[in-house]
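Step one of this worksheet: look at the structure below.
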Amino acid sequence: MVDPGLPAHVRKFLYKTSPSDLQSYGDPALPTRSALWDAVPYLIRAGVPLGAGTGLWWLLDKNADSTASAEYSSNMGAWHYMFSRAADLLGSILPLAAGVAGAWIVIGTMLAHDWTRIWKEVRTARDRFVLPSQLTEDASALLRRARTAARQVLGSEVLARDLIDRQHAELQLPAQFWDVARSLATYSRLIDETPSDVQSGEAAGLLKARKSALATGLGDLERQVEAIEAFAAQTAEADARLQELRQVEQLERDSGELLDFLASTARTEVAVDGLGQMSNEAAAVADRFTTALIAAKEAAVQALPAAPSRSSGSS
C-alpha cells in the first residue's frame, strides 16, 4: 500500500522489499550513515588481507637481505634464494591486488551509499506507505477487497482498449486505493489506542461515542470499497460481453461458407432463415455489450472522483 505520488524508484523499492525489513529499517528514528561509514566494511575486508600480504612481503625481503652474503651452495644460500624469489613474486602481486582492492572498495562504497540513500528516502516517506502490521484484522480484510477490485479493473480488456476512460481510471483508482489504505491505517491506530473497557460512567459514555464514531468511519470506507467493487463487477461484465461479441463476429465472418453449405444441402429459404437468425443473435449480443459498457461507465462515475479539468490550466 504505497502512495502513488512517491517517486517511481522509491515505489519500486517499497514493492520489492519485505514488510518485515520495511518495519525494521524504515523507522525514521534510525540514524542515517555517512558515506565514510559505508566505506568502513569494505576498507576492513580489503585492508586486512592486503596488510597481511604486505607484512609477509616485508618479512621475506628482510630475510633475503640478511642472507644475501651467504654462499650460493650453502644451506643459507638456499634460504636466501627462497626468500628472495618469494619476496619478488609477492612484491609483483601486491600492486595488482591493491588496485583490485581499491576498485572494489570504491564500487562497494558507491553501492552501499546508494542503498543508504534509498533507505533515507524511505524513512523520510514513512507516512506515505502502509504496512500490513499497521492494520487491524477487519481493516486488512477491507483493504484486500479494495486491492482485488482495483486489480480487476486495471486488468480489464475494456479498460485496455480505452472503451471506458482509461486515463481517468489509471490515475484515480490507485489514488483512491491509497486513500482507503491510509484511512484504514488511521482507523487501526485509533482502534489500538482505544481502551477496551473503562470504569467510570462518564468515561464509559465517551468510550461508547468513540467506538460509534470509529464504526461510522469504517462503514464509510466500506461503502467506498463497495463502489470500487461495483465498478469492477461492471467491467468484468463488459469484458464477458465483449468476448461474446467477438465470438459472434467470428461466426458471422464464417457465414459465407455456411451459406454455401446450406445452399448445397437445402432450399435457399432455409439458408436465408439460418443467416437471419445468426444476424439477430449478433444484434442481441451487441446490444448486451453496449448495455454492459454503459453500466461500466456509470459505475466508474460513481466509484471514481471526477478528473481534474484541463481548461483552467490552459486559460
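Here's how to read the names in the C-alpha cells: chain A, B, ... by the order shown, residue numbers from 1 in each chain, ligand numbers from 1 in the order shown.
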
Would you mind listing what lies within 10 Å of Pro31 in chain A as a VMD selection string, with only C-alpha atoms counted and same-chain residues fewer than 4 positions away left out? chain A and resid 27 120 123

Where in range 133-234 of chain A does DSSP assign helix (DSSP H, G or I), given as a ChimeraX atom specification? /A:133-134,137-154,157-160,166-193,201-234

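Going from CA of Ile191 in chain A over to CA of Asp220 in chain A, you cover 15.9 Å.
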
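Counting only C-alpha atoms and comparing A:Ser212, A:Ser92, A:Gln224, A:Ser18, the residue that lies closest to Thr54 in chain A is A:Ser92.
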
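If only C-alpha atoms are the atoms counted, then among A:Val2, A:Leu30, A:Leu50, A:Ala141 the closest residue to Phe129 in chain A is A:Val2.
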
Coordinates-based distance that separates CA of Thr124 in chain A from CA of Tyr25 in chain A (Å, one decimal):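 About the pair CA of Tyr25 in chain A and CA of Thr124 in chain A: they are 11.8 Å apart.
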
Exercise: Tyr42 in chain A partners within 12 Å, only C-alpha atoms, chain neighbours under 2 positions left out, as JSON, numbers by chain: {"A": [35, 36, 37, 38, 39, 40, 44, 45, 46, 47, 48, 49, 101, 102, 103, 104, 105, 106, 107, 108, 109, 110, 111, 112]}

Could those selected residues go to a file with C-alpha atoms, as a tab-separated table (two decimals), in the first residue's frame?
```
chain	number	residue	atom	x	y	z
A	35	ALA	CA	29.46	7.81	3.05
A	36	LEU	CA	32.62	7.29	5.15
A	37	TRP	CA	30.79	4.84	7.37
A	38	ASP	CA	29.58	2.98	4.27
A	39	ALA	CA	33.21	2.52	3.23
A	40	VAL	CA	34.39	1.08	6.59
A	44	ILE	CA	38.38	-3.65	6.63
A	45	ARG	CA	37.70	-6.56	4.28
A	46	ALA	CA	40.28	-5.36	1.78
A	47	GLY	CA	42.76	-3.88	4.25
A	48	VAL	CA	43.25	-6.97	6.41
A	49	PRO	CA	44.47	-9.31	3.63
A	101	ALA	CA	41.01	-3.91	-3.78
A	102	GLY	CA	40.85	-0.16	-4.34
A	103	ALA	CA	38.37	-0.55	-7.19
A	104	TRP	CA	36.31	-2.97	-5.10
A	105	ILE	CA	36.25	-0.52	-2.19
A	106	VAL	CA	35.13	2.37	-4.42
A	107	ILE	CA	32.40	0.37	-6.19
A	108	GLY	CA	31.20	-1.26	-2.97
A	109	THR	CA	31.07	2.09	-1.18
A	110	MET	CA	29.08	3.65	-4.02
A	111	LEU	CA	26.57	0.79	-3.98
A	112	ALA	CA	26.33	0.93	-0.20
```

Given only C-alpha atoms as the counted atoms, nearest of A:Asp287, A:Glu298, A:Asp21, A:Asp165 to Ala233 in chain A: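 Of all the options, A:Glu298 lies closest to Ala233 in chain A.
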
In Å to one decimal, how far is CA of Phe231 in chain A from CA of Val153 in chain A? 7.4 Å
